[in-house]
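Q: Got a structure for you, questions after.
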Amino acid sequence: MRYLPKSPADRQQMLREIGCKTIDDLFEPIPAEYRLKRDLNVPRQMAESEVIEFFHQCAATNAARYAVFLGAGAYHHYRPVVIDSLISRGEFFTAYTPYQPEIAQGTLQAIFEFQTMICELTGMEVANASMYDASTGTAEAIMMGVRLTGRNSAVVARTVHPEYREVIKTYTQHQALPIAECGYKEDGRLDLAELEKKITDDTAAVLIQSPNFFGTIEDVAAIADLVHRKGALLVVAISEALSLGAVRPPAEADIVAMESQSFGVPLGFGGPYAGVLATKEKYVRQIPGRLVGETRDRDGKRGFVLTLSTREQHIRREKATSNICTNQALIATMATIYMTIYGREGLKELAHQNLAKATYAAGEFSKKAKVLFGGAPRFNEFVVQTREDSYEINSRLLEKKMIGGFPLRKFYPELGNAALWCCTELNSKEQIDAAVEAVGQ
Amino acid sequence: MRYLPKSPADRQQMLREIGCKTIDDLFEPIPAEYRLKRDLNVPRQMAESEVIEFFHQCAATNAARYAVFLGAGAYHHYRPVVIDSLISRGEFFTAYTPYQPEIAQGTLQAIFEFQTMICELTGMEVANASMYDASTGTAEAIMMGVRLTGRNSAVVARTVHPEYREVIKTYTQHQALPIAECGYKEDGRLDLAELEKKITDDTAAVLIQSPNFFGTIEDVAAIADLVHRKGALLVVAISEALSLGAVRPPAEADIVAMESQSFGVPLGFGGPYAGVLATKEKYVRQIPGRLVGETRDRDGKRGFVLTLSTREQHIRREKATSNICTNQALIATMATIYMTIYGREGLKELAHQNLAKATYAAGEFSKKAKVLFGGAPRFNEFVVQTREDSYEINSRLLEKKMIGGFPLRKFYPELGNAALWCCTELNSKEQIDAAVEAVGQ
Amino acid sequence: MSDKDIKKATRHVNQNEGLIFERSSPGKKGYRLPPLDVPAVDAKKVLGSAAREDLGNMPEVSEMEIIRHFTRISTWNYAIDLGMYPLGSCTMKYNARVNEVVARLGGLADAHPYQPERISQGALRIMKTLSDCLLDITGMDAITLQPAAGAHGEMTGILLIHACLKSRGNPRKKILIPDSAHGTNPATAAICGYAVENLKSNAQGMVDIPSLEAQMNEDVAGLMLTNPNTLGLFERDIAKIADILHKKGGLLYMDGANMNALVGKARPGDFGVDVMHLNLHKTFSTPHGGGGPGSGPVACKKILEPFLPMPLVVQKADGTLGFDYNRPQSVGRVRMFYGNFGMHVRALAYILANGFDGLRQTTEDAVLNANYIRKKLEGDYELPYKGQSMHEVVFSDRIQQHKGVKTGDIAKRLIDYGFHPYTVSFPLVVPGALMIEPTESESMEELNLFIDAMQAIAREVEQDPELVKTAPHSTRVSRLDETAAARKPVLRWKPGAAVSAGE
Amino acid sequence: MSDKDIKKATRHVNQNEGLIFERSSPGKKGYRLPPLDVPAVDAKKVLGSAAREDLGNMPEVSEMEIIRHFTRISTWNYAIDLGMYPLGSCTMKYNARVNEVVARLGGLADAHPYQPERISQGALRIMKTLSDCLLDITGMDAITLQPAAGAHGEMTGILLIHACLKSRGNPRKKILIPDSAHGTNPATAAICGYAVENLKSNAQGMVDIPSLEAQMNEDVAGLMLTNPNTLGLFERDIAKIADILHKKGGLLYMDGANMNALVGKARPGDFGVDVMHLNLHKTFSTPHGGGGPGSGPVACKKILEPFLPMPLVVQKADGTLGFDYNRPQSVGRVRMFYGNFGMHVRALAYILANGFDGLRQTTEDAVLNANYIRKKLEGDYELPYKGQSMHEVVFSDRIQQHKGVKTGDIAKRLIDYGFHPYTVSFPLVVPGALMIEPTESESMEELNLFIDAMQAIAREVEQDPELVKTAPHSTRVSRLDETAAARKPVLRWKPGAAVSAGE
Ligand SMILES: Cc1ncc(COP(=O)(O)O)c(C=O)c1O
Ligand SMILES: Cc1ncc(COP(=O)(O)O)c(C=O)c1O
């Protein structure tokens with residue numbers, strides 16, 4: 001096998017030195033009846049060219065170079081080539097978790113920069129080194145709220161990504177942590193009146209998303225006011241990170257649970273992505289996941305280390321803030337490079353381009369169909385209601401090499417034939433016009 | 001411009017410190033009438049995504065994923081992905097010529113390894129660090145022969161790649177170095193009787209190619225005998241380097257001029273490739289191009305440096321062995337990695353696969369057309385003669401996404417409708433059968 | 001510092017580099033956008049009070065500086081690509097380049113998770129093929145690829161146990177966990193609402209059967225067992241362990257972090273395991289990336305299948321592949337979409353490149369390497385448990401403690417010798433543990449250098465313990481103060497923060 | 001060694017690595033072939049006595065070892081990606097990553113040079129577009145992209161002059177070359193059958209007009225001029241120089257190595273140049289790759305067009321692009337196929353990413369940077385020629401020579417300060433030259449660090465010249481013995497060759 005750096009003679013010599021006759025002597029601890037006596041039923045060893053050909057064939061039966069109008073938690077943005085070029089350095093992608101900081105300053109400094117940028121963008125004071133994704137991040141944020149408040153229930157807006165809500169349900173199901181849902185108003189925003197009713201003395205946290213699942217931007221300040229008045233914490237989820245280039249950060253939140261996928265991470269059929277939690281400094285000892293902190297070496301030189309690990313499973317075991325160990329470090333590094341490339345001006349300019357595309361598209365769609373939730377501002381997504389079935393429309397679009405909006409019927413039957421459309425900088429006017437045309441047929 | 005690491009304020013400050021008002025003060029040395037007063041007539045600045053789209057469009061109007069039966073000096077072989085992964089390290093591809101060995105040991109050691117492998121494969125004693133390609137390499141080899149012998153003419157086999165011969169003509173045209181050509185026999189090999197006549201007392205070098213342009217393997221030992229008897233030097237060109245995995249190396253030659261493209265270098269519409277010259281130790285002071293040699297540092301540690309530079313243009317100027325300066329170092333490094341991956345056993349196994357494919361294909365073609373030069377051994381190329389015009393056959397193949405053999409009429413009109421076909425490990429039996437079928441229609 | 005024994009590494013000039021924010025200045029740009037082809041909008045008008053004014057201290061730098069910044073800091077990392085990385089329990093093996101290439105193919109890397117199934121057949125085929133391979137490798141009946149890492153897989157597995165027991169009437173209260181277990185095991189049990197009960201290891205470092213028998217009762221939902229365990233020992237009584245659990249209605253969870261000792265040689269499904277996770281980022285070579293991403297598929301026996309997270313990849317009546325969301329007994333979703341698909345691609349590429357014979361040889365080499373190290377070092381370092389090692393070996397610093405040198409010091413000194421240290425102070429059952437897992441990716445030559453280095457350090461401990469206690473001496477930063485970092489945490493850069501000389 | 005002034009670099013642990021042959025052992029494999037789908041052949045039968053027995057000492061290693069080998073040795077290199085690389089005359093600028101991506105696109109990277117034109121339109125479009133851009137940049141009328149590097153372009157250009165003059169009746173005998181010229185210039189003239197006549201520079205480092213007038217006659221075919229010249233000075237009398245040549249029937253060749261001072265600001269075609277080459281691997285950012293590949297297109301005026309190498313890319317009657325081989329007056333082919341096409345792709349990507357405004361700004365920044373360095377260092381190092389600098393500046397070691405320190409020593413000491421040295425001892429007209437070309441790719445911060453380092457070294461020369469003379473002190477190998485290497489050349493590894501300790 002071409003990956004294995006041993007010759008047959010090496011193996012013989014090593015066995016001799018160990019004092020074994022055959023390799024099977026080393027497997028003697030496994031009771032004989034459990035030793036596999038046949039070859040595994042996996043394909044035969046392939047040449048590299050065959051491996052590539054196999055995946056080429058797979059890729060060829062997947063869509064490629066379609067016009068994409070899907071968002072809904074995974075966004076198609078241009079990925080500068082510098083990202084892959086840098087994270088393909090073996091020093092980044094073949095390193096482990098930086099447990100030995102003296103030979104891991106590259107990873108540590110990159111993550112420290114990630115934490116800093118996430119703070120700058122979200123308006124929070126501290127951020128962790130990453131979570132698996134935003135769905136598990138929101139669940140962990142709610143559990144963090146429980147630890148911080150000593151209260152034992154939570155309210156989640158129905159305008160939070162439906163799959164985040166499913167994951168929250170899974171995570172919290174055995175924690176005696178009931179989750180109430182709160183609906184939305186005509187303008188697609190959270191129903192504040194309902195929320196006021198739903199929050200009880202036992203509500204640890206309220207979770208909203210902004211821009212929410214309809215693409216609508218919530219009035220975070222007003223919600224925070226209400227939530228804080230009730231003694232609960234506000235968790236704000238962000239699934240479209242690029243919105244932070246144009247939209248006021250949720251600085252009034254107590255915890256922000258963000259998905260970084262928009263920042264240079266491939267769509268990749270859903271993963272790997274990178275969630276991140278950010279919060280106030282005073283809450284840092286209850287944050288889950290790794291944290292990188294600054295320190296000094298013996299000569300006073302600046303350096304970075306993993307810190308506050310007494311929160312974590314390898315020290316605290318069943319009392320840890322979370323069971324997370326491996327996180328999404330390389331993806332966080334991708335996001336860091338992306339945020340660095342666009343930076344202070346570029347993220348804004350790019351967000352404004354997204355805004356312009358979606359504004360134009362919503363305008364065009366509204367000539368042929370009903371665009372819902374016009375009463376509140378939105379970023380790069382909007383909901384189009386049609387007379388025709390959303391899936392049928394999408395089938396038609398598919399033939400024209402367009403992937404239409406996300407049908408909402410499954411999660412929001414009350415909206416009828418509605419679909420969530422997304423337009424980013426990658427959707428040309430031509431594509432938008434063609435999609436509007438096809439929908440309006 | 002996104003590559004430029006300066007802010008407008010930086011530029012102002014630097015100008016101030018230099019003592020200039022505007023940047024144009026620094027261009028004052030250029031007489032005003034020659035300063036360009038308009039914008040260059042090149043396209044406007046593009047976003048990275050636009051640059052990629054431009055080249056995507058270009059690539060899309062080029063052939064891709066065709067079955068290729070072309071060789072003729074440029075060979076399609078599988079390129080292990082490790083090659084690009086390694087040479088994409090900035091430490092390799094963004095370094096200059098290793099003039100400062102203490103911070104260039106990576107490049108130097110890789111080239112030293114290249115030189116060693118070329119010696120092992122060709123049966124020569126020394127090899128240089130690379131030439132532009134084999135066409136310029138053969139020209140330089142002949143000029144080297146002139147310097148070594150003090151004689152002033154050369155004989156070149158007509159079975160040497162026609163474009164090599166054109167380049168030799170260009171290089172030697174003003175050097176009072178007449179080039180005679182020598183024909184081939186029925187079996188596609190050099191006509192030894194003719195050669196004997198063509199070699200004169202003034203013949204410095206005889207250039208042959210093996211496998212020659214028809215894919216036929218020359219009897220190098222016999223030719224060397226004759227050439228040496230006449231006091232001339234034998235230069236052997238190798239255009240299909242992989243042949244060395246199966247074919248006896250031309251150890252009797254005085255100089256080998258090899259093209260390394262087969263060793264992991266993309267076809268790339270003809271370049272960059274990497275030529276290399278190898279020779280006997282006693283001739284090394286007349287070899288053109290760079291050489292890497294082993295030495296020691298002050299503590300006795302092994303290290304590598306550019307050496308014997310008194311041969312070169314930067315020291316010897318008009319008396320140098322060649323005017324070459326920049327060579328093809330990174331391509332030589334690609335070849336080094338390729339030779340390392342396949343190594344002692346793999347190059348042989350791969351060459352034998354090529355041999356098997358071409359043998360099979362020639363057998364199949366001979367059922368439908370005439371395969372020429374059957375009397376001598378060949379590697380992975382062979383000549384097929386048809387009744388139908390070669391270009392017309394190729395047009396038909398093209399529609400079936402196959403690129404047929406290289407029509408020989410332009411360079412060898414005496415062969416009629418003949419084409420040079422090449423089969424490598426990348427030509428499947430299925431492809432070969434389809435091509436035979438289409439040719440025989 | 002005496003370097004005479006150091007054969008593997010030398011010091012070399014290395015670039016300094018500040019934080020990216022320290023390079024920033026207004027007006028530098030690393031990007032350029034294409035011209036906007038729709039009417040520009042006034043963000044203030046469109047967004048009203050939700051419009052953002054500015055982006056604070058986000059950096060402004062050019063592309064050239066970005067390349068240099070990340071290239072320079074990358075050179076401060078150790079990595080598999082540079083040398084042996086014998087972190088026990090982490091299985092730091094070669095990350096094949098072809099895996100990276102296929103994961104980036106257009107059509108796979110660009111696929112939107114919600115694109116219709118009929119234009120996602122290639123991605124589904126990959127998930128299905130990988131699932132089939134993993135099922136045969138583990139000897140299990142059903143699998144989910146959704147979990148994002150090992151701990152996430154553990155949670156999924158324990159939720160399955162919970163759901164299964166609940167469907168039988170009582171989810172029970174406790175999970176048994178050996179004291180040698182990884183920290184994620186108890187943390188996971190807690191998230192799933194279970195109390196953790198510690199199970200002592202016996203003198204051989206294995207599950208103590210009498211204790212297990214004593215502790216197992218109707219309150220216990222199951223046991224989380226790592227096998228081979230974190231001492232690198234195969235639990236010989238595994239069948240008995242399973243029996244004890246099953247007899248009292250419990251289920252056996254296996255932490256599959258150490259599957260690199262078993263692939264192609266033995267299958268958990270054959271020796272009584274009911275549910276387990278795999279770490280694709282260990283056994284199946286997907287890169288660790290400085291801490292992640294991982295992927296933690298969970299495989300289980302038929303009895304647990306109904307409870308697997310949704311959706312599952314299934315073959316549909318028309319022969320095409322699709323997602324099955326209609327799973328009424330499912331524990332729910334543990335992650336949005338379908339898991340870390342990019343890791344699925346890489347793991348499958350690894351399996352295909354190896355084939356059945358390569359996978360078996362890989363396991364054999366991994367076990368061979370660990371035993372070779374053990375044999376060569378057992379005179380120099382204390383071996384607290386003498387059972388036969390599988391893919392890793394755990395020593396202790398008992399001998400070196402006499403000179404005041406701890407496992408952490410030896411680890412730091414290994415850095416000077418050109419190696420990444422082993423895992424320090426884990427498992428907890430071994431005080432002062434040195435946990436060494438070479439994997440199959442090390443040549444005999446590299447192993448010999450490692451053994452030489454460990455022996456040289458053992459000598460240094462005797463002759464010059466200070467040298468070891470103050471290591472590393474060859475790195476651009478010396479030993480970093482982790483205590484100070486935790487005392488007054490600085491978790492982000494702020495403008496005006498002081499920079500020490502030399503940066 | 002005192003490191004107190006060194007701000008840019010620190011020493012860090014770095015892996016040793018022998019030659020790949022020293023890793024080899026029989027039976028290790030880094031490859032696997034697919035199964036053969038045609039009958040296997042017996043090579044001995046098919047090839048007879050031409051069959052090869054074995055491949056001698058070619059290495060046998062695994063993929064993991066190959067990755068480590070080349071990764072490790074790569075870390076011993078300095079590179080643009082790591083820091084400033086101010087080699088004068090070499091224009092070491094940022095090599096944009098997008099160039100590498102587009103050059104590797106399938107369809108371009110896989111194109112066979114002999115594939116029919118109708119399925120090569122994309123490649124031809126690239127060559128044509130690049131040609132058009134370069135023609136406007138140079139102000140010339142016609143161009144060939146065939147030459148593989150600068151020296152190769154020089155040869156092509158001089159052959160054009162030869163052919164043109166010959167077509168006028170007499171190719172003439174001599175080429176004039178200033179003493180400041182690069183070594184390739186005289187070497188090229190010699191290959192083209194011309195005698196080289198040296199042209200002295202005047203006190204200002206420029207072409208001495210009276211000498212030129214005196215030396216120009218009917219035997220002189222032309223002048224090879226670098227402009228700006230290798231002192232970084234623009235030849236102010238360029239129009240007059242061209243005039244003198246043209247009046248006597250000679251032609252003006254320009255070595256375009258220094259076009260980074262002119263792009264978008266002035267065009268050789270406008271100031272009298274008849275033919276010139278460009279170095280795409282300098283001005284147009286294609287990577288140097290440790291010594292190559294390059295690309296040296298040659299642009300010329302109408303009068304020289306008929307003689308250009310064949311084939312040329314042309315637009316055909318039907319609007320498609322194709323190669324024109326029917327060029328009866330052509331000097332012939334200088335390289336097989338069409339030149340280093342991969343470099344054409346990259347150079348075009350650079351031009352498109354810059355646009356006209358970016359190209360101009362680039363030139364301005366390059367000239368700004370050189371003048372900034374000059375201003376800051378002119379007190380510390382001798383400036384032998386005082387004319388206004390363009391894109392590079394040349395100092396001499398005259399001041400430091402008093403302490404016995406030479407330009408080569410200062411260069412080696414710069415390594416300790418974290419920089420690649422400047423070009424040493426070139427141009428020859430400046431004894432002990434320090435030739436510094438920062439390019440546009442350096443930030444003010446990096447320039448300041450360089451200036452600091454140069455100033456610190458100047459101080460060290462006064463205070464501790466030995467420190468400088470024995471530099472570098474921070475590298476994994478100390479100063480290497482180049483004399484010994486040349487005395488008894490060892491140009492290849494041989495089995496059994498001794499290896500020194502520490503490797
Ligand atoms: C034995 C064991 N169990 C569980 C884990 C957790 O896996 P992950 O880090 O992928 O969550 C690890 C990894 O460190 C481990 O070694
Ligand atoms: C002034 C000058 N002319 C010519 C050359 C030769 O160019 P190349 O190395 O591309 O052959 C160089 C490059 O070193 C140069 O600096």
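Here's how to read the names in the structure tokens: chain A, B, ... by the order shown, residue numbers from 1 in each chain, ligand numbers from 1 in the order shown.
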Could you list the protein, DNA and RNA residues that have any atom within 6 Å of ligand 2, counting only C-alpha atoms and all ligand atoms, and write them as a list in words?
A: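 Based on only C-alpha atoms and all ligand atoms, ligand 2 is surrounded within 6 Å by Ile324, Cys325 and Thr326 of chain B; Ser89, Cys90, Ala149, Gly150, Ala151, His182, Thr184, Asp255, Ala257, Asn279 and Gly294 of chain D.
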Q: Please return, as JSON, numbers by chain, all residues of chain B lying within 10 Å of chain A when only C-alpha atoms are considered.
A: {"B": [2, 47, 48, 49, 52, 78, 79, 80, 81, 85, 86, 88, 89, 90, 341, 426]}
Q: Do you have, as JSON lines, the list of residues of chain B lying at most 7 Å from chain C, each with its nearest atom pair and that distance in Å to one decimal, counting only C-alpha atoms and ordered by chain then number?
A:
{"residue": "B:Arg2", "atom": "CA", "partner": "C:Gly30", "partner_atom": "CA", "distance": 4.5}
{"residue": "B:Tyr3", "atom": "CA", "partner": "C:Glu63", "partner_atom": "CA", "distance": 5.1}
{"residue": "B:Leu4", "atom": "CA", "partner": "C:Ser62", "partner_atom": "CA", "distance": 6.0}
{"residue": "B:Pro5", "atom": "CA", "partner": "C:Ser62", "partner_atom": "CA", "distance": 4.9}
{"residue": "B:Lys6", "atom": "CA", "partner": "C:Lys28", "partner_atom": "CA", "distance": 5.8}
{"residue": "B:Ser7", "atom": "CA", "partner": "C:Lys28", "partner_atom": "CA", "distance": 4.7}
{"residue": "B:Pro8", "atom": "CA", "partner": "C:Gly27", "partner_atom": "CA", "distance": 6.4}
{"residue": "B:Met46", "atom": "CA", "partner": "C:Pro34", "partner_atom": "CA", "distance": 6.6}
{"residue": "B:Ala47", "atom": "CA", "partner": "C:Arg32", "partner_atom": "CA", "distance": 5.0}
{"residue": "B:Glu50", "atom": "CA", "partner": "C:Pro34", "partner_atom": "CA", "distance": 6.9}
{"residue": "B:Val81", "atom": "CA", "partner": "C:Val98", "partner_atom": "CA", "distance": 6.1}
{"residue": "B:Val82", "atom": "CA", "partner": "C:Arg97", "partner_atom": "CA", "distance": 6.1}
Q: Between C:Pro113, C:Gly379, C:Gly169, C:Gly296, which is the closest to ligand 1 once you count only C-alpha atoms and all ligand atoms?
A: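 Under the stated criterion, the closest residue is C:Gly296.
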Q: Please report the interatomic distance between CA of Ile168 in chain B and CA of Lys166 in chain D in Å with one decimal.
A: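 Straight-line distance from CA of Ile168 in chain B to CA of Lys166 in chain D works out to 20.0 Å.
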